[in-house]
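Coordinates from final.cif are shown below (mmCIF, C-alpha atoms; chains and numbers go by the auth columns).
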```cif
data_run
loop_
_atom_site.group_PDB
_atom_site.id
_atom_site.type_symbol
_atom_site.label_atom_id
_atom_site.label_comp_id
_atom_site.label_asym_id
_atom_site.label_seq_id
_atom_site.Cartn_x
_atom_site.Cartn_y
_atom_site.Cartn_z
_atom_site.B_iso_or_equiv
_atom_site.auth_seq_id
_atom_site.auth_asym_id
ATOM 1 C CA MET A 1 -17.718 -6.127 57.396 0.00 1 A
ATOM 2 C CA THR A 2 -19.386 -3.878 54.799 0.00 2 A
ATOM 3 C CA ASN A 3 -17.293 -0.926 55.910 0.00 3 A
ATOM 4 C CA ASP A 4 -14.164 -3.050 55.635 0.00 4 A
ATOM 5 C CA LYS A 5 -15.108 -4.023 52.080 0.00 5 A
ATOM 6 C CA SER A 6 -15.774 -0.403 51.173 0.00 6 A
ATOM 7 C CA ALA A 7 -12.444 0.655 52.609 0.00 7 A
ATOM 8 C CA ALA A 8 -10.644 -2.068 50.671 0.00 8 A
ATOM 9 C CA ALA A 9 -12.450 -1.031 47.494 0.00 9 A
ATOM 10 C CA ALA A 10 -11.485 2.590 48.075 0.00 10 A
ATOM 11 C CA ARG A 11 -7.840 1.593 48.273 0.00 11 A
ATOM 12 C CA ARG A 12 -8.037 -0.398 45.042 0.00 12 A
ATOM 13 C CA PHE A 13 -10.118 2.064 43.025 0.00 13 A
ATOM 14 C CA ARG A 14 -8.172 4.594 40.955 0.00 14 A
ATOM 15 C CA ASP A 15 -9.347 7.737 39.210 0.00 15 A
ATOM 16 C CA ILE A 16 -8.748 7.062 35.505 0.00 16 A
ATOM 17 C CA GLY A 17 -10.362 10.239 34.231 0.00 17 A
ATOM 18 C CA MET A 18 -7.091 11.824 33.157 0.00 18 A
ATOM 19 C CA HIS A 19 -5.956 8.666 31.416 0.00 19 A
ATOM 20 C CA ALA A 20 -9.286 8.538 29.573 0.00 20 A
ATOM 21 C CA LYS A 21 -8.791 12.125 28.377 0.00 21 A
ATOM 22 C CA VAL A 22 -5.310 11.263 27.096 0.00 22 A
ATOM 23 C CA VAL A 23 -6.649 8.236 25.211 0.00 23 A
ATOM 24 C CA ILE A 24 -9.484 10.252 23.676 0.00 24 A
ATOM 25 C CA SER A 25 -6.988 12.925 22.588 0.00 25 A
ATOM 26 C CA LEU A 26 -4.827 10.279 20.927 0.00 26 A
ATOM 27 C CA LEU A 27 -7.863 8.825 19.181 0.00 27 A
ATOM 28 C CA ALA A 28 -8.793 12.293 17.937 0.00 28 A
ATOM 29 C CA LEU A 29 -5.249 12.762 16.614 0.00 29 A
ATOM 30 C CA CYS A 30 -5.524 9.432 14.790 0.00 30 A
ATOM 31 C CA GLY A 31 -8.816 10.589 13.319 0.00 31 A
ATOM 32 C CA PHE A 32 -7.175 13.778 12.054 0.00 32 A
ATOM 33 C CA PHE A 33 -4.369 11.845 10.359 0.00 33 A
ATOM 34 C CA ALA A 34 -6.913 9.397 8.930 0.00 34 A
ATOM 35 C CA LEU A 35 -8.921 12.237 7.394 0.00 35 A
ATOM 36 C CA LEU A 36 -5.718 13.629 5.878 0.00 36 A
ATOM 37 C CA THR A 37 -5.079 10.186 4.425 0.00 37 A
ATOM 38 C CA ILE A 38 -8.496 10.265 2.768 0.00 38 A
ATOM 39 C CA VAL A 39 -7.656 13.669 1.264 0.00 39 A
ATOM 40 C CA PHE A 40 -4.408 12.291 -0.157 0.00 40 A
ATOM 41 C CA GLU A 41 -6.168 9.189 -1.479 0.00 41 A
ATOM 42 C CA VAL A 42 -8.696 11.397 -3.269 0.00 42 A
ATOM 43 C CA SER A 43 -5.848 13.407 -4.796 0.00 43 A
ATOM 44 C CA THR A 44 -4.372 10.116 -6.004 0.00 44 A
ATOM 45 C CA LEU A 45 -7.698 9.261 -7.630 0.00 45 A
ATOM 46 C CA THR A 46 -7.610 12.636 -9.379 0.00 46 A
ATOM 47 C CA VAL A 47 -4.199 11.843 -10.835 0.00 47 A
ATOM 48 C CA LEU A 48 -5.366 8.381 -11.919 0.00 48 A
ATOM 49 C CA ASP A 49 -8.457 9.889 -13.514 0.00 49 A
ATOM 50 C CA ARG A 50 -6.271 12.245 -15.547 0.00 50 A
ATOM 51 C CA LEU A 51 -4.153 9.326 -16.659 0.00 51 A
ATOM 52 C CA GLY A 52 -7.276 7.405 -17.605 0.00 52 A
ATOM 53 C CA ARG A 53 -8.402 10.267 -19.828 0.00 53 A
ATOM 54 C CA GLY A 54 -5.069 10.178 -21.588 0.00 54 A
ATOM 55 C CA GLU A 55 -3.685 13.380 -20.125 0.00 55 A
ATOM 56 C CA VAL A 56 0.037 13.780 -19.613 0.00 56 A
ATOM 57 C CA VAL A 57 1.014 13.708 -15.940 0.00 57 A
ATOM 58 C CA ALA A 58 4.500 14.776 -14.912 0.00 58 A
ATOM 59 C CA GLU A 59 6.645 12.087 -13.322 0.00 59 A
ATOM 60 C CA SER A 60 7.389 14.433 -10.421 0.00 60 A
ATOM 61 C CA GLU A 61 3.649 14.623 -9.673 0.00 61 A
ATOM 62 C CA LEU A 62 3.381 10.842 -9.561 0.00 62 A
ATOM 63 C CA VAL A 63 6.429 10.586 -7.310 0.00 63 A
ATOM 64 C CA ALA A 64 5.026 13.270 -4.994 0.00 64 A
ATOM 65 C CA ALA A 65 1.699 11.414 -4.760 0.00 65 A
ATOM 66 C CA ASP A 66 3.459 8.152 -3.899 0.00 66 A
ATOM 67 C CA LEU A 67 5.632 9.913 -1.313 0.00 67 A
ATOM 68 C CA ARG A 68 2.638 11.542 0.389 0.00 68 A
ATOM 69 C CA HIS A 69 0.870 8.196 0.468 0.00 69 A
ATOM 70 C CA ALA A 70 3.869 6.438 2.035 0.00 70 A
ATOM 71 C CA GLN A 71 4.505 9.194 4.579 0.00 71 A
ATOM 72 C CA MET A 72 0.889 9.413 5.743 0.00 72 A
ATOM 73 C CA GLY A 73 0.717 5.639 5.918 0.00 73 A
ATOM 74 C CA SER A 74 3.720 5.583 8.265 0.00 74 A
ATOM 75 C CA VAL A 75 2.355 8.408 10.400 0.00 75 A
ATOM 76 C CA LEU A 76 -1.057 6.750 10.654 0.00 76 A
ATOM 77 C CA ILE A 77 0.432 3.391 11.637 0.00 77 A
ATOM 78 C CA GLY A 78 2.533 5.054 14.344 0.00 78 A
ATOM 79 C CA ALA A 79 -0.408 7.053 15.686 0.00 79 A
ATOM 80 C CA PHE A 80 -2.638 3.971 15.751 0.00 80 A
ATOM 81 C CA ALA A 81 0.059 1.999 17.580 0.00 81 A
ATOM 82 C CA VAL A 82 0.317 4.607 20.348 0.00 82 A
ATOM 83 C CA ALA A 83 -3.472 4.978 20.607 0.00 83 A
ATOM 84 C CA THR A 84 -3.917 1.203 20.759 0.00 84 A
ATOM 85 C CA LEU A 85 -1.396 0.928 23.599 0.00 85 A
ATOM 86 C CA ALA A 86 -3.167 3.689 25.508 0.00 86 A
ATOM 87 C CA SER A 87 -6.565 2.060 24.871 0.00 87 A
ATOM 88 C CA ALA A 88 -5.254 -1.271 26.154 0.00 88 A
ATOM 89 C CA ALA A 89 -4.075 0.485 29.321 0.00 89 A
ATOM 90 C CA TRP A 90 -7.548 2.013 29.740 0.00 90 A
ATOM 91 C CA ILE A 91 -9.156 -1.425 29.392 0.00 91 A
ATOM 92 C CA PHE A 92 -6.854 -2.760 32.120 0.00 92 A
ATOM 93 C CA LEU A 93 -7.606 0.136 34.470 0.00 93 A
ATOM 94 C CA PHE A 94 -11.351 0.041 33.796 0.00 94 A
ATOM 95 C CA LEU A 95 -11.581 -3.686 34.527 0.00 95 A
ATOM 96 C CA ARG A 96 -9.406 -3.354 37.617 0.00 96 A
ATOM 97 C CA ASN A 97 -11.730 -0.645 38.933 0.00 97 A
ATOM 98 C CA ALA A 98 -14.711 -2.854 38.109 0.00 98 A
ATOM 99 C CA ARG A 99 -13.272 -5.556 40.352 0.00 99 A
ATOM 100 C CA ALA A 100 -12.803 -3.007 43.115 0.00 100 A
ATOM 101 C CA LEU A 101 -16.428 -1.876 42.907 0.00 101 A
ATOM 102 C CA SER A 102 -18.111 -5.243 42.387 0.00 102 A
ATOM 103 C CA ASP A 103 -18.605 -7.920 45.027 0.00 103 A
ATOM 104 C CA ALA A 104 -18.543 -10.637 42.369 0.00 104 A
ATOM 105 C CA ALA A 105 -15.366 -11.248 40.431 0.00 105 A
ATOM 106 C CA THR A 106 -15.542 -10.573 36.695 0.00 106 A
ATOM 107 C CA ARG A 107 -15.010 -13.440 34.271 0.00 107 A
ATOM 108 C CA TYR A 108 -12.377 -11.470 32.395 0.00 108 A
ATOM 109 C CA SER A 109 -8.904 -10.756 33.699 0.00 109 A
ATOM 110 C CA PRO A 110 -7.870 -7.087 33.409 0.00 110 A
ATOM 111 C CA ILE A 111 -4.400 -7.956 32.139 0.00 111 A
ATOM 112 C CA TRP A 112 -5.552 -10.538 29.599 0.00 112 A
ATOM 113 C CA SER A 113 -8.342 -8.259 28.417 0.00 113 A
ATOM 114 C CA ALA A 114 -5.769 -5.551 27.731 0.00 114 A
ATOM 115 C CA ILE A 115 -3.375 -7.943 25.990 0.00 115 A
ATOM 116 C CA SER A 116 -6.168 -9.422 23.860 0.00 116 A
ATOM 117 C CA ILE A 117 -6.403 -6.240 21.820 0.00 117 A
ATOM 118 C CA PHE A 118 -3.044 -7.148 20.241 0.00 118 A
ATOM 119 C CA VAL A 119 -3.908 -10.791 19.489 0.00 119 A
ATOM 120 C CA PRO A 120 -5.277 -11.444 15.983 0.00 120 A
ATOM 121 C CA ILE A 121 -8.739 -13.015 15.849 0.00 121 A
ATOM 122 C CA VAL A 122 -9.098 -12.693 19.634 0.00 122 A
ATOM 123 C CA ASN A 123 -9.120 -8.897 19.297 0.00 123 A
ATOM 124 C CA LEU A 124 -12.287 -9.177 17.212 0.00 124 A
ATOM 125 C CA TRP A 125 -14.429 -9.999 20.256 0.00 125 A
ATOM 126 C CA TYR A 126 -12.637 -10.527 23.586 0.00 126 A
ATOM 127 C CA PRO A 127 -11.845 -6.934 24.708 0.00 127 A
ATOM 128 C CA TYR A 128 -15.354 -5.719 23.866 0.00 128 A
ATOM 129 C CA ALA A 129 -17.008 -8.546 25.792 0.00 129 A
ATOM 130 C CA ALA A 130 -14.725 -7.855 28.758 0.00 130 A
ATOM 131 C CA VAL A 131 -15.487 -4.131 28.834 0.00 131 A
ATOM 132 C CA ALA A 132 -19.239 -4.745 28.413 0.00 132 A
ATOM 133 C CA GLU A 133 -19.306 -7.104 31.402 0.00 133 A
ATOM 134 C CA ALA A 134 -17.221 -4.743 33.526 0.00 134 A
ATOM 135 C CA ALA A 135 -19.592 -1.901 32.635 0.00 135 A
ATOM 136 C CA ARG A 136 -22.610 -3.918 33.750 0.00 136 A
ATOM 137 C CA ARG A 137 -20.956 -4.618 37.089 0.00 137 A
ATOM 138 C CA SER A 138 -19.441 -1.234 37.890 0.00 138 A
ATOM 139 C CA ALA A 139 -20.938 1.581 35.783 0.00 139 A
ATOM 140 C CA GLY A 140 -24.443 1.787 37.180 0.00 140 A
ATOM 141 C CA PRO A 141 -27.763 1.034 35.442 0.00 141 A
ATOM 142 C CA GLU A 142 -27.344 0.162 31.783 0.00 142 A
ATOM 143 C CA SER A 143 -29.326 2.481 29.536 0.00 143 A
ATOM 144 C CA ARG A 144 -30.540 1.714 26.036 0.00 144 A
ATOM 145 C CA GLY A 145 -28.147 4.318 24.686 0.00 145 A
ATOM 146 C CA ARG A 146 -25.187 2.630 26.338 0.00 146 A
ATOM 147 C CA ARG A 147 -26.205 -0.787 25.035 0.00 147 A
ATOM 148 C CA ARG A 148 -26.412 0.620 21.533 0.00 148 A
ATOM 149 C CA LEU A 149 -23.060 2.347 21.922 0.00 149 A
ATOM 150 C CA LEU A 150 -21.340 -0.821 23.131 0.00 150 A
ATOM 151 C CA PHE A 151 -22.976 -2.832 20.353 0.00 151 A
ATOM 152 C CA ALA A 152 -21.800 -0.330 17.739 0.00 152 A
ATOM 153 C CA TRP A 153 -18.294 -0.458 19.233 0.00 153 A
ATOM 154 C CA SER A 154 -18.226 -4.255 19.081 0.00 154 A
ATOM 155 C CA ILE A 155 -19.049 -4.048 15.356 0.00 155 A
ATOM 156 C CA VAL A 156 -17.086 -1.115 13.950 0.00 156 A
ATOM 157 C CA ALA A 157 -13.896 -1.583 15.992 0.00 157 A
ATOM 158 C CA PRO A 158 -13.260 -5.145 14.720 0.00 158 A
ATOM 159 C CA LEU A 159 -14.061 -3.940 11.199 0.00 159 A
ATOM 160 C CA ALA A 160 -11.416 -1.257 11.660 0.00 160 A
ATOM 161 C CA PHE A 161 -8.883 -3.898 12.713 0.00 161 A
ATOM 162 C CA LEU A 162 -9.693 -5.911 9.598 0.00 162 A
ATOM 163 C CA ALA A 163 -9.449 -2.827 7.404 0.00 163 A
ATOM 164 C CA ARG A 164 -6.161 -1.776 8.955 0.00 164 A
ATOM 165 C CA ASP A 165 -4.668 -5.235 8.550 0.00 165 A
ATOM 166 C CA GLY A 166 -5.101 -5.243 4.810 0.00 166 A
ATOM 167 C CA VAL A 167 -8.605 -5.920 3.551 0.00 167 A
ATOM 168 C CA ARG A 168 -7.768 -4.024 0.384 0.00 168 A
ATOM 169 C CA PHE A 169 -4.863 -6.385 -0.327 0.00 169 A
ATOM 170 C CA LEU A 170 -7.065 -9.424 0.194 0.00 170 A
ATOM 171 C CA LEU A 171 -9.589 -8.062 -2.271 0.00 171 A
ATOM 172 C CA TRP A 172 -7.010 -6.743 -4.719 0.00 172 A
ATOM 173 C CA PRO A 173 -4.000 -9.084 -4.525 0.00 173 A
ATOM 174 C CA GLU A 174 -2.641 -7.773 -7.810 0.00 174 A
ATOM 175 C CA ALA A 175 -3.132 -4.050 -8.184 0.00 175 A
ATOM 176 C CA GLN A 176 -0.739 -3.869 -11.115 0.00 176 A
ATOM 177 C CA THR A 177 -3.373 -2.955 -13.689 0.00 177 A
ATOM 178 C CA PHE A 178 -4.794 0.544 -13.991 0.00 178 A
ATOM 179 C CA GLU A 179 -8.282 -0.619 -12.984 0.00 179 A
ATOM 180 C CA GLY A 180 -6.870 -2.598 -10.088 0.00 180 A
ATOM 181 C CA LEU A 181 -4.988 0.445 -8.806 0.00 181 A
ATOM 182 C CA ILE A 182 -8.150 2.549 -8.885 0.00 182 A
ATOM 183 C CA GLY A 183 -10.070 -0.206 -7.080 0.00 183 A
ATOM 184 C CA GLU A 184 -7.402 -0.517 -4.419 0.00 184 A
ATOM 185 C CA THR A 185 -7.459 3.237 -3.838 0.00 185 A
ATOM 186 C CA TRP A 186 -11.245 3.279 -3.391 0.00 186 A
ATOM 187 C CA ILE A 187 -11.050 0.351 -0.985 0.00 187 A
ATOM 188 C CA GLY A 188 -8.326 2.198 0.907 0.00 188 A
ATOM 189 C CA ILE A 189 -10.606 5.225 1.273 0.00 189 A
ATOM 190 C CA GLY A 190 -13.409 2.993 2.543 0.00 190 A
ATOM 191 C CA ALA A 191 -11.085 1.277 5.022 0.00 191 A
ATOM 192 C CA VAL A 192 -9.871 4.583 6.440 0.00 192 A
ATOM 193 C CA ALA A 193 -13.470 5.843 6.688 0.00 193 A
ATOM 194 C CA VAL A 194 -14.337 2.793 8.799 0.00 194 A
ATOM 195 C CA GLN A 195 -11.325 3.525 10.992 0.00 195 A
ATOM 196 C CA VAL A 196 -12.481 7.117 11.526 0.00 196 A
ATOM 197 C CA LEU A 197 -15.920 5.861 12.597 0.00 197 A
ATOM 198 C CA ALA A 198 -14.315 3.310 14.928 0.00 198 A
ATOM 199 C CA LEU A 199 -12.131 5.995 16.500 0.00 199 A
ATOM 200 C CA TYR A 200 -15.175 8.175 17.193 0.00 200 A
ATOM 201 C CA VAL A 201 -17.178 5.304 18.703 0.00 201 A
ATOM 202 C CA THR A 202 -14.209 4.133 20.803 0.00 202 A
ATOM 203 C CA GLY A 203 -13.709 7.624 22.210 0.00 203 A
ATOM 204 C CA SER A 204 -17.429 7.841 23.009 0.00 204 A
ATOM 205 C CA VAL A 205 -17.323 4.482 24.817 0.00 205 A
ATOM 206 C CA ILE A 206 -14.297 5.496 26.895 0.00 206 A
ATOM 207 C CA ALA A 207 -15.825 8.851 27.849 0.00 207 A
ATOM 208 C CA GLU A 208 -19.230 7.346 28.702 0.00 208 A
ATOM 209 C CA LEU A 209 -17.977 4.382 30.730 0.00 209 A
ATOM 210 C CA THR A 210 -15.277 6.286 32.610 0.00 210 A
ATOM 211 C CA ALA A 211 -17.769 8.929 33.739 0.00 211 A
ATOM 212 C CA ALA A 212 -20.394 6.313 34.637 0.00 212 A
ATOM 213 C CA GLN A 213 -17.935 4.224 36.646 0.00 213 A
ATOM 214 C CA HIS A 214 -16.732 7.235 38.629 0.00 214 A
ATOM 215 C CA LYS A 215 -20.339 8.270 39.278 0.00 215 A
ATOM 216 C CA GLN A 216 -21.126 4.779 40.531 0.00 216 A
ATOM 217 C CA ALA A 217 -18.033 4.844 42.750 0.00 217 A
ATOM 218 C CA ARG A 218 -19.118 8.098 44.359 0.00 218 A
ATOM 219 C CA ALA A 219 -22.678 6.838 44.802 0.00 219 A
ATOM 220 C CA SER A 220 -21.530 3.672 46.531 0.00 220 A
ATOM 221 C CA ALA A 221 -19.182 5.645 48.798 0.00 221 A
ATOM 222 C CA ALA A 222 -16.279 3.482 47.654 0.00 222 A
ATOM 223 C CA VAL A 223 -14.186 6.584 47.085 0.00 223 A
ATOM 224 C CA TRP A 224 -14.246 10.203 48.066 0.00 224 A
#
```
Serialized structure, structure tokens:
Amino acid sequence: MTNDKSAAAARRFRDIGMHAKVVISLLALCGFFALLTIVFEVSTLTVLDRLGRGEVVAESELVAADLRHAQMGSVLIGAFAVATLASAAWIFLFLRNARALSDAATRYSPIWSAISIFVPIVNLWYPYAAVAEAARRSAGPESRGRRRLLFAWSIVAPLAFLARDGVRFLLWPEAQTFEGLIGETWIGIGAVAVQVLALYVTGSVIAELTAAQHKQARASAAVW
């Protein structure tokens, strides 16, 4: 019976190492664009500072700053959309492998765990709880470092969602004044910084858990 279960698990288990590398590469690309956004935001602050000191700033310079801001915003949104889709696919594959390696069924459905990342409010806790449970069941002994990593992920990733979805506009609903525009720009820099941290932690989680799950699969003779 045990051999039959192992054979069935071997058929269901899939190597997701390559997919994990693709996701991590996309996250790194998002991080690069996010850092560029911070650079452009700082350049905007420089222009605003010159205006605040009463210096004359050419209209073409203001237009160029606005154009860079809009273009990088569009690029960053597109990159985050692709990376989020790829991350959702990784969550699905990771949980499906967890079910293949664990005798007990997980409480979280792979498909719903993947979809939850796109659902407002739900994406603040559900996917992280699902991945944490799947890791406990299929990625070997849980170390203190992994617990800390998963805890950090469950904190900074939701903060990044909140930042991306417009925290600056909630705090500065009317950025029509000069002071309000400066405040909004600083909040934008802070929001992007949180996103960069979340991207790094997410990539670390994916790399750690993918490797641990494959190691556990080899140790249990479920595959290979």
Taking the file as I've supplied it (selection: the PyMOL selection byres ((chain A and resi 146) around 10)), which residues are included? Please answer as a PyMOL selection string. chain A and resi 132+135+141-145+147-152+204-205+208-209
Residues within 9 Å of A:Asn97, please, as a PDB file with C-alpha atoms, in the coordinates of the input. Count all atoms listed in the file; anything in the same chain fewer than 5 positions from it doesn't count.
```
ATOM      1  CA  ALA A   9     -12.450  -1.031  47.494  1.00  0.00           C
ATOM      2  CA  ARG A  12      -8.037  -0.398  45.042  1.00  0.00           C
ATOM      3  CA  PHE A  13     -10.118   2.064  43.025  1.00  0.00           C
ATOM      4  CA  ARG A  14      -8.172   4.594  40.955  1.00  0.00           C
ATOM      5  CA  ASP A  15      -9.347   7.737  39.210  1.00  0.00           C
ATOM      6  CA  ILE A  16      -8.748   7.062  35.505  1.00  0.00           C
ATOM      7  CA  PHE A  92      -6.854  -2.760  32.120  1.00  0.00           C
ATOM      8  CA  SER A 102     -18.111  -5.243  42.387  1.00  0.00           C
ATOM      9  CA  ALA A 134     -17.221  -4.743  33.526  1.00  0.00           C
ATOM     10  CA  SER A 138     -19.441  -1.234  37.890  1.00  0.00           C
ATOM     11  CA  GLN A 213     -17.935   4.224  36.646  1.00  0.00           C
TER      12      GLN A 213
END
```
Quick one: residues within 9 Å of stretch 72-86 of chain A, only C-alpha atoms counted, chain neighbours fewer than 4 positions away excluded, as a compact mmCIF listing (two decimals) with C-alpha atoms, keeping the file's coordinate frame?
```txt
# COMPACT_ATOMS: atom_id res chain seq x y z
CA HIS A 19 -5.96 8.67 31.42
CA ALA A 20 -9.29 8.54 29.57
CA VAL A 22 -5.31 11.26 27.10
CA VAL A 23 -6.65 8.24 25.21
CA ILE A 24 -9.48 10.25 23.68
CA SER A 25 -6.99 12.92 22.59
CA LEU A 26 -4.83 10.28 20.93
CA LEU A 27 -7.86 8.82 19.18
CA LEU A 29 -5.25 12.76 16.61
CA CYS A 30 -5.52 9.43 14.79
CA PHE A 33 -4.37 11.84 10.36
CA ALA A 34 -6.91 9.40 8.93
CA LEU A 36 -5.72 13.63 5.88
CA THR A 37 -5.08 10.19 4.42
CA PHE A 40 -4.41 12.29 -0.16
CA LEU A 67 5.63 9.91 -1.31
CA ARG A 68 2.64 11.54 0.39
CA TRP A 90 -7.55 2.01 29.74
CA ILE A 91 -9.16 -1.42 29.39
CA ALA A 114 -5.77 -5.55 27.73
CA ILE A 117 -6.40 -6.24 21.82
CA PHE A 118 -3.04 -7.15 20.24
CA ARG A 164 -6.16 -1.78 8.96
```
From the set A:Glu55, A:Asp49, A:Glu133, A:Glu41, which residue has the shortest atom-to-atom contact distance to A:Ala193, counting only C-alpha atoms?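 Of the candidates, the smallest distance to A:Ala193 is held by A:Glu41.
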Which residues are close to A:Leu62, i.e. within 12 Å by all atoms listed in the file, leaving aside same-chain residues fewer than 4 positions away? Reply as a list in words.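 Final neighbour list, sorted by chain and number: Ser43, Thr44, Leu45, Thr46, Val47, Leu48, Arg50, Leu51, Val56, Val57, Ala58, Asp66, Leu67, Arg68 and His69 of chain A.
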Point-to-point distance from atom CA of A:Ala198 to atom CA of A:Ala217, Å rounded to tenths: 28.1 Å
Using the file's own x, y and z axes, what box holds all listed atoms of stretch 188-199 of chain A with 8 Å on each side, keeping edges along x, y and z, and what are its centre and edge lengths in Å to one decimal, as lines of an AutoDock Vina configuration file?
```
center_x = -12.1
center_y = 4.2
center_z = 8.7
size_x = 23.6
size_y = 21.8
size_z = 31.6
```
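Nearest residue to A:Ala98, choosing from A:Val42, A:Ala70, A:Ile115, A:Ala139 and counting all atoms listed in the file: A:Ala139.
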Distance atom CA of A:Pro127-atom CA of A:Gly17, one decimal place?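 It comes out at 19.7 Å.
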Could you jot down the atom CA of A:Ser60 to atom CA of A:Leu35 separation for me, Å, one decimal place?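 Taking atom CA of A:Ser60 as the start and atom CA of A:Leu35 as the end point, the length is 24.3 Å.
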Using all atoms listed in the file, pick whichever of A:Arg137, A:Leu181, A:Val194, A:Gly203 has the shortest atom-to-atom distance to A:Ile155. A:Val194
Could you tell me which of A:Ala88, A:Ile111, A:Val39, A:Val131 comes closest to A:Ala65 if we count all atoms listed in the file?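 Among the listed residues, A:Val39 lies closest to A:Ala65.
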As a PDB file, in the coordinates of the input, the rebuilt stretch 190-208 of chain A with N, CA and C atoms:
```pdb
ATOM      1  N   GLY A 190     -12.369   3.601   1.721  1.00  0.00           N
ATOM      2  CA  GLY A 190     -13.409   2.993   2.543  1.00  0.00           C
ATOM      3  C   GLY A 190     -12.876   2.452   3.853  1.00  0.00           C
ATOM      4  N   ALA A 191     -11.683   1.832   3.808  1.00  0.00           N
ATOM      5  CA  ALA A 191     -11.085   1.277   5.022  1.00  0.00           C
ATOM      6  C   ALA A 191     -10.759   2.373   6.026  1.00  0.00           C
ATOM      7  N   VAL A 192     -10.213   3.479   5.542  1.00  0.00           N
ATOM      8  CA  VAL A 192      -9.871   4.583   6.440  1.00  0.00           C
ATOM      9  C   VAL A 192     -11.146   5.218   7.006  1.00  0.00           C
ATOM     10  N   ALA A 193     -12.204   5.297   6.201  1.00  0.00           N
ATOM     11  CA  ALA A 193     -13.470   5.843   6.688  1.00  0.00           C
ATOM     12  C   ALA A 193     -14.018   4.997   7.840  1.00  0.00           C
ATOM     13  N   VAL A 194     -13.908   3.681   7.719  1.00  0.00           N
ATOM     14  CA  VAL A 194     -14.337   2.793   8.799  1.00  0.00           C
ATOM     15  C   VAL A 194     -13.491   3.033  10.049  1.00  0.00           C
ATOM     16  N   GLN A 195     -12.196   3.259   9.859  1.00  0.00           N
ATOM     17  CA  GLN A 195     -11.325   3.525  10.992  1.00  0.00           C
ATOM     18  C   GLN A 195     -11.706   4.820  11.694  1.00  0.00           C
ATOM     19  N   VAL A 196     -12.060   5.851  10.924  1.00  0.00           N
ATOM     20  CA  VAL A 196     -12.481   7.117  11.526  1.00  0.00           C
ATOM     21  C   VAL A 196     -13.737   6.907  12.367  1.00  0.00           C
ATOM     22  N   LEU A 197     -14.701   6.158  11.840  1.00  0.00           N
ATOM     23  CA  LEU A 197     -15.920   5.861  12.597  1.00  0.00           C
ATOM     24  C   LEU A 197     -15.595   5.081  13.867  1.00  0.00           C
ATOM     25  N   ALA A 198     -14.697   4.104  13.762  1.00  0.00           N
ATOM     26  CA  ALA A 198     -14.315   3.310  14.928  1.00  0.00           C
ATOM     27  C   ALA A 198     -13.627   4.169  15.986  1.00  0.00           C
ATOM     28  N   LEU A 199     -12.807   5.099  15.560  1.00  0.00           N
ATOM     29  CA  LEU A 199     -12.131   5.995  16.500  1.00  0.00           C
ATOM     30  C   LEU A 199     -13.144   6.841  17.263  1.00  0.00           C
ATOM     31  N   TYR A 200     -14.139   7.354  16.544  1.00  0.00           N
ATOM     32  CA  TYR A 200     -15.175   8.175  17.193  1.00  0.00           C
ATOM     33  C   TYR A 200     -15.964   7.347  18.210  1.00  0.00           C
ATOM     34  N   VAL A 201     -16.383   6.153  17.807  1.00  0.00           N
ATOM     35  CA  VAL A 201     -17.178   5.304  18.703  1.00  0.00           C
ATOM     36  C   VAL A 201     -16.347   4.878  19.912  1.00  0.00           C
ATOM     37  N   THR A 202     -15.081   4.533  19.689  1.00  0.00           N
ATOM     38  CA  THR A 202     -14.209   4.133  20.803  1.00  0.00           C
ATOM     39  C   THR A 202     -14.048   5.268  21.799  1.00  0.00           C
ATOM     40  N   GLY A 203     -13.816   6.481  21.308  1.00  0.00           N
ATOM     41  CA  GLY A 203     -13.709   7.624  22.210  1.00  0.00           C
ATOM     42  C   GLY A 203     -14.989   7.860  22.987  1.00  0.00           C
ATOM     43  N   SER A 204     -16.143   7.674  22.331  1.00  0.00           N
ATOM     44  CA  SER A 204     -17.429   7.841  23.009  1.00  0.00           C
ATOM     45  C   SER A 204     -17.620   6.798  24.102  1.00  0.00           C
ATOM     46  N   VAL A 205     -17.218   5.549  23.822  1.00  0.00           N
ATOM     47  CA  VAL A 205     -17.323   4.482  24.817  1.00  0.00           C
ATOM     48  C   VAL A 205     -16.453   4.797  26.032  1.00  0.00           C
ATOM     49  N   ILE A 206     -15.220   5.207  25.793  1.00  0.00           N
ATOM     50  CA  ILE A 206     -14.297   5.496  26.895  1.00  0.00           C
ATOM     51  C   ILE A 206     -14.823   6.648  27.748  1.00  0.00           C
ATOM     52  N   ALA A 207     -15.304   7.707  27.104  1.00  0.00           N
ATOM     53  CA  ALA A 207     -15.825   8.851  27.849  1.00  0.00           C
ATOM     54  C   ALA A 207     -17.062   8.467  28.666  1.00  0.00           C
ATOM     55  N   GLU A 208     -17.984   7.737  28.042  1.00  0.00           N
ATOM     56  CA  GLU A 208     -19.230   7.346  28.702  1.00  0.00           C
ATOM     57  C   GLU A 208     -18.969   6.428  29.892  1.00  0.00           C
TER      58      GLU A 208
END
```
